[in-house]
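To keep things clear, I will list the structure first and then write my remarks on it.
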Amino acid sequence: MSNKYFLAIDIGASSGRHILGSIENGKMVLEEIFRFKNGASKVNDKLVWDHESLFSSIVEGLKKCKEIGKIPTSIGIDTWGVDYALLDENDKLIGEIYSYRDERTLSVMDEVYSIVGEDELYNRTGIIKQVFNTIFQLYSDKKSGKLAKAKTFLMMPDYLHFRLTGVKKNEYTNASTTGLLNASTRDWDYEVIDKLGLNKDLFKKLYLPGSEVGMLKDEIAKEVGFSAKVVLPATHDTASAVMAVPKEDKPLYISSGTWSLMGIETQKENTSKIAQKEGFTNEGGYNKSVRLLKNIMGLWMIQCIKKEYNDKYSFVEFVDEARKVKDFNSIVEVNDQSFFAPTSMIQAVKDYCKKTNQKVPETVGEIVLCVYTSLAKCYKKAVEGIEDITGEKYNSINIVGGGCQNVLLNELTAKHTGRTVITGPVEATATGNILAQMLADGTIENISKGKQIIRDSFEIKEIK
């Protein structure tokens with residue numbers, strides 16, 4: 001039995017978890033030891049993250065390791081992409097850490113594209129036009145004057161690692177979401193950075209997953225009751241989730257959560273006209289691979305609807321309500337801007353159906369079914385897009401992450417795409433995070449062996 005533990009701190013837009021991983025009898029065993037809430041909130045009319053609450057939750061979770069007597073060999077944090085912290089010459093945070101759903105970027109997108117054209121930017125960076133891209137956020141900070149005092153740029157997990165260790169390291173997979181990396185060199189595109197008048201010195205050396213950051217700072221080690229090293233996982237949560245896709249050899253996947261990220265992992269970027277037209281982005285993966293994928297709004301819509309009903313219904317009850325519905329076929333375009341951050345998601349769905357002359361959903365079941373069917377049809381379109389771009393055919397879709405537990409959505413996906421749906425593992429992001437740490441440690445010798453262990457360790461289901 002192994003007594004080597006690896007701690008994944010997996011932070012999403014609505015919650016975070018501390019999950020310990022170990023190898024026992026040739027299988028990976030996960031144990032969730034701490035969970036905490038996360039969420040962006042309005043401060044002075046700006047949507048920002050409560051980074052102090054986040055960091056104190058990270059420390060609280062570390063204390064749990066000591067309490068249960070399972071001290072990790074290493075620790076790694078993953079979060080969503082695109083958001084970042086700016087530090088001054090004294091390593092103090094400048095202002096707030098904005099949420100990607102804040103609207104400050106809307107006014108600068110056209111200006112950025114007047115400096116570097118949309119086609120040129122996609123050709124260079126492989127990142128598709130999205131209102132929340134870091135490139136637009138940073139340009140907004142430049143215009144507001146916030147960037148003037150900045151000496152260090154750290155993506156969200158880089159900043160949290162820095163708070164734990166005092167060491168500043170930019171990790172590749174999260175940096176790849178910025179729209180400032182060159183797709184072919186896999187390094188910062190200093191020409192684009194220069195054209196936009198951003199300070200080149202902000203963008204430091206990039207480190208790959210598996211690199212050591214440093215040991216916990218003395219005061220943190222004292223507070224939590226132990227010392228451990230911090231190791232970079234694939235700090236972008238989707239990159240970690242893709243590591244945990246059990247199938248090998250460029251499988252088609254959906255990392256299903258707040259967002260549905262659908263794509264393939266490949267060794268070569270694709271910045272072709274057709275990839276751009278179909279809305280595919282090129283992000284970084286483990287060992288400098290490329291995740292050619294499409295951002296689809298995902299279960300964010302369902303999460304918002306659940307909140308609007310004051311959590312009266314569980315996700316399972318939502319499925320039950322949707323199954324009761326007969327003869328309701330209205331669908332929405334899930335990536336429409338109206339669903340990005342509406343005051344009322346329910347109203348946004350109704351308004352879209354009304355605007356497109358479809359039957360307006362009224363019951364809980366109709367609203368939920370409308371969203372699930374719309375997602376499944378969006379997946380169908382994305383599969384066809386990937387096949388057009390790559391010239392390859394895909395017979396199955398691997399769905400990983402929390403959303404893979406949604407049986408109705410899985411069934412609708414199989415039905416509308418005509419592909420076999422393979423689901424699991426559920427805790428894909430934490431599994432991939434732990435896998436990167438185990439690979440760095442030598443506990444697992446290579447990624448292929450890691451995927452075999454994942455297949456042996458977790459329940460994987462098929463839906464035809």
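Ligands are numbered from 1 in the order shown, chains are lettered A, B, ... in the order of the structure tokens, and residues start at 1 in each chain.
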
* To do: Determine which residues of region 12-131 of chain A DSSP labels as strand (DSSP E or B) from the backbone of this structure, then write them out as number ranges by chain.
  => A: 15-24, 27-37, 40-43, 46-49, 72-79, 84-87, 93, 98

8 Å contact set for Arg104 (chain A), only C-alpha atoms, chain neighbours under 2 positions out, as a short mmCIF file (atom, residue, chain, number, x, y, z; two decimals) with C-alpha atoms, in the first residue's frame:
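Result written to out26.cif:
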```
data_model
loop_
_atom_site.label_atom_id
_atom_site.label_comp_id
_atom_site.auth_asym_id
_atom_site.auth_seq_id
_atom_site.Cartn_x
_atom_site.Cartn_y
_atom_site.Cartn_z
CA ASP A 102 -16.68 41.46 -16.43
CA LEU A 106 -16.33 44.98 -24.81
CA SER A 107 -15.14 48.51 -25.53
CA VAL A 108 -11.57 47.58 -26.54
CA GLN A 137 -8.40 42.28 -20.56
CA SER A 140 -8.28 47.38 -21.11
#
```

* Can you list, as a list in words, every protein, DNA or RNA residue that comes within 7 Å of region 337-350 of chain A when you count only C-alpha atoms, leaving out same-chain residues fewer than 6 positions away? -> Arg101, Met301, Cys304, Ile305, Val360 and Pro361 of chain A

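With only C-alpha atoms as the atoms that count, the residue of A:Phe458, A:Tyr352, A:Trp259, A:Tyr5 with the shortest distance to Val245 (chain A) is A:Phe458.
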
* Compile the contact shell of Met155 (chain A) as a ChimeraX atom specification: residues with an atom at most 8 Å away, counting only C-alpha atoms, same-chain residues fewer than 6 positions apart removed. => /A:81-85,170,174-175

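Among the candidates A:Asp119, A:Gly39, A:Leu62, A:Lys4, the one nearest to Ile274 (chain A) when counting only C-alpha atoms is A:Asp119.
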
* To do: Could you jot down the CA of Lys46 (chain A) to CA of Ser114 (chain A) separation for me, Å, one decimal place?
  => 25.9 Å

Set out as a Markdown table a contact list for region 77-130 of chain A and region 16-21 of chain A with a cut-off of 12 Å, giving each residue of region 77-130 of chain A that qualifies its closest atom pair and distance in Å to one decimal, counting only C-alpha atoms, ordered by chain and rising residue number.
```
| residue | atom | partner | partner_atom | distance |
| --- | --- | --- | --- | --- |
| A:Ile77 | CA | A:His18 | CA | 9.3 |
| A:Asp78 | CA | A:Gly16 | CA | 9.7 |
| A:Thr79 | CA | A:Gly16 | CA | 8.9 |
| A:Trp80 | CA | A:Gly16 | CA | 11.1 |
```

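With distances restricted to only C-alpha atoms, A:Ala150 is the closest residue to Asn90 (chain A) from A:Leu369, A:Leu138, A:Met438, A:Ala150.
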
* Determine, counting only C-alpha atoms, which protein, DNA and RNA residues have an atom within 8 Å of an atom of Val368 (chain A); residues of the same chain fewer than 3 positions away are not included. Present the result as a list in words. => Ile302, Phe318, Val319, Glu321, Ala322, Val364, Gly365, Val371 and Tyr372 of chain A

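Using only C-alpha atoms, the smallest distance between any of A:Glu392, A:Glu265, A:Asp141, A:Asp201 and Gly95 (chain A) comes from A:Asp141.
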
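Among A:Val231, A:Leu202, A:Ile367, A:Ile23, the residue with the shortest atom-to-atom distance to Asp351 (chain A), counting only C-alpha atoms, is A:Ile367.
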
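CA of Ile397 (chain A) sits 13.1 Å away from CA of Leu293 (chain A).
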
* Structure fact -> Expressed in Å, the length from CA of Gly418 (chain A) to CA of Ile386 (chain A) is 14.8 Å

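Counting only C-alpha atoms, the residue from A:Gly210, A:Val192, A:Lys380, A:Asp88 that sits nearest to Leu435 (chain A) is A:Gly210.
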
* To do: List every residue of region 317-439 of chain A that DSSP, applied to the backbone of this structure, places in alpha helix (DSSP H), and write the result as an NGL selection string.
  => :A and (317-323 or 345-355 or 364-390 or 407-417 or 428-439)

Residue neighbourhood Tyr172 (chain A), 10 Å, only C-alpha atoms, exclusion window fewer than 2 positions, as a compact mmCIF listing (two decimals) with all heavy atoms, in the first residue's frame:
```
# COMPACT_ATOMS: atom_id res chain seq x y z
N LYS A 169 6.32 31.70 -11.18
CA LYS A 169 6.54 30.93 -12.40
C LYS A 169 5.28 30.96 -13.26
O LYS A 169 4.19 30.73 -12.76
CB LYS A 169 6.92 29.47 -12.07
CG LYS A 169 8.36 29.33 -11.61
CD LYS A 169 8.86 27.89 -11.60
CE LYS A 169 10.36 27.87 -11.29
NZ LYS A 169 10.90 26.51 -11.15
N ASN A 170 5.47 31.25 -14.54
CA ASN A 170 4.35 31.22 -15.50
C ASN A 170 4.26 29.82 -16.12
O ASN A 170 5.24 29.34 -16.69
CB ASN A 170 4.57 32.25 -16.63
CG ASN A 170 4.50 33.67 -16.12
OD1 ASN A 170 5.51 34.34 -15.98
ND2 ASN A 170 3.30 34.15 -15.85
N ASN A 174 -1.89 27.37 -18.98
CA ASN A 174 -2.76 28.50 -18.67
C ASN A 174 -2.36 29.72 -19.50
O ASN A 174 -3.22 30.46 -20.00
CB ASN A 174 -2.75 28.82 -17.18
CG ASN A 174 -4.13 29.23 -16.69
OD1 ASN A 174 -4.74 30.13 -17.23
ND2 ASN A 174 -4.63 28.55 -15.67
N ALA A 175 -1.06 29.92 -19.67
CA ALA A 175 -0.58 31.04 -20.51
C ALA A 175 -1.10 30.91 -21.94
O ALA A 175 -1.35 31.91 -22.61
CB ALA A 175 0.95 31.08 -20.51
N SER A 176 -1.33 29.66 -22.37
CA SER A 176 -1.78 29.45 -23.76
C SER A 176 -3.20 29.96 -24.00
O SER A 176 -3.63 30.08 -25.14
CB SER A 176 -1.69 27.97 -24.13
OG SER A 176 -2.78 27.24 -23.55
N THR A 177 -3.93 30.26 -22.93
CA THR A 177 -5.31 30.77 -23.09
C THR A 177 -5.35 32.29 -23.28
O THR A 177 -6.42 32.85 -23.49
CB THR A 177 -6.18 30.41 -21.87
OG1 THR A 177 -5.76 31.17 -20.72
CG2 THR A 177 -6.14 28.93 -21.53
N LEU A 181 0.31 33.92 -26.88
CA LEU A 181 1.34 32.93 -27.20
C LEU A 181 1.31 32.64 -28.69
O LEU A 181 0.24 32.63 -29.30
CB LEU A 181 1.06 31.61 -26.45
CG LEU A 181 1.99 31.28 -25.28
CD1 LEU A 181 1.84 32.33 -24.20
CD2 LEU A 181 1.68 29.91 -24.73
N ARG A 186 4.99 27.99 -29.36
CA ARG A 186 4.51 27.67 -28.00
C ARG A 186 5.15 28.59 -26.96
O ARG A 186 5.31 28.22 -25.80
CB ARG A 186 4.77 26.21 -27.61
CG ARG A 186 4.47 25.16 -28.65
CD ARG A 186 3.00 24.79 -28.69
NE ARG A 186 2.81 23.44 -29.17
CZ ARG A 186 2.74 23.08 -30.46
NH1 ARG A 186 2.87 24.00 -31.41
NH2 ARG A 186 2.54 21.82 -30.81
N ASP A 187 5.56 29.77 -27.40
CA ASP A 187 6.15 30.75 -26.48
C ASP A 187 5.45 32.10 -26.70
O ASP A 187 4.70 32.27 -27.66
CB ASP A 187 7.66 30.87 -26.73
CG ASP A 187 8.41 31.37 -25.50
OD1 ASP A 187 7.76 31.84 -24.54
OD2 ASP A 187 9.65 31.31 -25.52
N TRP A 188 5.72 33.05 -25.80
CA TRP A 188 5.11 34.37 -25.94
C TRP A 188 5.36 34.94 -27.32
O TRP A 188 6.46 34.82 -27.86
CB TRP A 188 5.68 35.35 -24.89
CG TRP A 188 5.44 34.96 -23.46
CD1 TRP A 188 6.38 34.59 -22.54
CD2 TRP A 188 4.18 34.91 -22.77
NE1 TRP A 188 5.80 34.31 -21.33
CE2 TRP A 188 4.44 34.51 -21.43
CE3 TRP A 188 2.85 35.17 -23.14
CZ2 TRP A 188 3.43 34.34 -20.47
CZ3 TRP A 188 1.85 35.01 -22.19
CH2 TRP A 188 2.15 34.61 -20.89
N LYS A 205 9.69 33.64 -18.58
CA LYS A 205 9.89 32.26 -19.06
C LYS A 205 8.68 31.39 -18.71
O LYS A 205 8.13 31.49 -17.62
CB LYS A 205 11.16 31.70 -18.42
CG LYS A 205 11.46 30.27 -18.81
CD LYS A 205 12.68 29.73 -18.09
CE LYS A 205 12.82 28.22 -18.37
NZ LYS A 205 13.94 27.61 -17.65
N LEU A 206 8.31 30.51 -19.65
CA LEU A 206 7.21 29.59 -19.42
C LEU A 206 7.73 28.23 -18.94
O LEU A 206 8.74 27.74 -19.46
CB LEU A 206 6.41 29.39 -20.71
CG LEU A 206 5.64 30.61 -21.22
CD1 LEU A 206 5.03 30.32 -22.58
CD2 LEU A 206 4.56 31.01 -20.23
N TYR A 207 7.03 27.66 -17.97
CA TYR A 207 7.41 26.35 -17.42
C TYR A 207 6.34 25.33 -17.76
O TYR A 207 5.14 25.64 -17.76
CB TYR A 207 7.59 26.44 -15.91
CG TYR A 207 8.81 27.23 -15.52
CD1 TYR A 207 8.76 28.61 -15.41
CD2 TYR A 207 10.03 26.59 -15.27
CE1 TYR A 207 9.89 29.35 -15.06
CE2 TYR A 207 11.16 27.32 -14.93
CZ TYR A 207 11.09 28.70 -14.82
OH TYR A 207 12.21 29.42 -14.48
N LEU A 208 6.77 24.10 -18.02
CA LEU A 208 5.84 23.04 -18.39
C LEU A 208 5.31 22.32 -17.15
O LEU A 208 5.96 22.31 -16.09
CB LEU A 208 6.55 22.03 -19.29
CG LEU A 208 6.96 22.53 -20.68
CD1 LEU A 208 7.70 21.44 -21.44
CD2 LEU A 208 5.75 23.00 -21.47
N PRO A 209 4.13 21.68 -17.27
CA PRO A 209 3.62 20.85 -16.19
C PRO A 209 4.67 19.83 -15.77
O PRO A 209 5.36 19.25 -16.61
CB PRO A 209 2.42 20.14 -16.82
CG PRO A 209 1.97 21.06 -17.91
CD PRO A 209 3.21 21.71 -18.43
N LEU A 232 4.06 22.17 -10.58
CA LEU A 232 3.07 22.61 -11.56
C LEU A 232 2.34 21.42 -12.17
O LEU A 232 2.97 20.55 -12.78
CB LEU A 232 3.76 23.38 -12.70
CG LEU A 232 4.38 24.73 -12.36
CD1 LEU A 232 5.11 25.27 -13.59
CD2 LEU A 232 3.33 25.73 -11.88
N ALA A 234 -0.82 20.67 -15.08
CA ALA A 234 -1.34 21.50 -16.17
C ALA A 234 -2.31 22.43 -15.47
O ALA A 234 -3.39 22.02 -15.05
CB ALA A 234 -2.04 20.63 -17.21
N THR A 235 -1.91 23.69 -15.24
CA THR A 235 -2.68 24.55 -14.33
C THR A 235 -4.00 25.03 -14.93
O THR A 235 -4.86 25.52 -14.22
CB THR A 235 -1.88 25.79 -13.86
OG1 THR A 235 -1.64 26.65 -14.98
CG2 THR A 235 -0.57 25.39 -13.21
N HIS A 236 -4.16 24.91 -16.26
CA HIS A 236 -5.47 25.19 -16.84
C HIS A 236 -6.33 23.95 -16.63
O HIS A 236 -5.95 22.85 -17.03
CB HIS A 236 -5.35 25.52 -18.32
CG HIS A 236 -6.66 25.95 -18.91
ND1 HIS A 236 -7.07 25.60 -20.17
CD2 HIS A 236 -7.68 26.68 -18.39
CE1 HIS A 236 -8.28 26.10 -20.41
NE2 HIS A 236 -8.66 26.76 -19.33
N GLU A 283 -5.17 25.57 -27.69
CA GLU A 283 -4.61 25.80 -26.35
C GLU A 283 -3.57 24.74 -26.04
O GLU A 283 -3.48 23.72 -26.72
CB GLU A 283 -5.74 25.77 -25.31
CG GLU A 283 -6.71 26.93 -25.47
CD GLU A 283 -7.89 26.90 -24.52
OE1 GLU A 283 -8.06 25.90 -23.78
OE2 GLU A 283 -8.67 27.87 -24.52
N GLY A 284 -2.79 24.99 -24.99
CA GLY A 284 -1.68 24.10 -24.67
C GLY A 284 -2.09 22.93 -23.80
O GLY A 284 -2.99 23.04 -22.97
N GLY A 285 -1.41 21.80 -24.00
CA GLY A 285 -1.64 20.61 -23.18
C GLY A 285 -0.34 20.11 -22.59
O GLY A 285 0.72 20.72 -22.75
N TYR A 286 -0.42 18.97 -21.92
CA TYR A 286 0.75 18.35 -21.28
C TYR A 286 1.82 18.08 -22.34
O TYR A 286 1.53 17.67 -23.45
CB TYR A 286 0.33 17.04 -20.59
CG TYR A 286 1.44 16.39 -19.81
CD1 TYR A 286 1.83 16.90 -18.58
CD2 TYR A 286 2.12 15.29 -20.32
CE1 TYR A 286 2.87 16.31 -17.86
CE2 TYR A 286 3.15 14.69 -19.61
CZ TYR A 286 3.51 15.22 -18.39
OH TYR A 286 4.55 14.64 -17.68
N ASN A 287 3.06 18.31 -21.96
CA ASN A 287 4.21 18.04 -22.83
C ASN A 287 4.13 18.81 -24.16
O ASN A 287 4.46 18.29 -25.21
CB ASN A 287 4.31 16.53 -23.09
CG ASN A 287 5.73 16.12 -23.46
OD1 ASN A 287 6.67 16.89 -23.23
ND2 ASN A 287 5.89 14.95 -24.02
N LYS A 288 3.64 20.05 -24.07
CA LYS A 288 3.54 20.96 -25.23
C LYS A 288 2.62 20.45 -26.34
O LYS A 288 2.78 20.80 -27.50
CB LYS A 288 4.93 21.29 -25.80
CG LYS A 288 5.67 22.33 -24.98
CD LYS A 288 6.76 23.01 -25.78
CE LYS A 288 7.41 24.14 -24.97
NZ LYS A 288 8.50 24.78 -25.67
```

* List the neighbours of Lys273 (chain A) out to 12 Å using only C-alpha atoms; skip same-chain residues closer than 5 positions along the sequence, and give me the result as number ranges by chain. => A: 118-120, 122-123, 126, 128, 278-281, 388-389
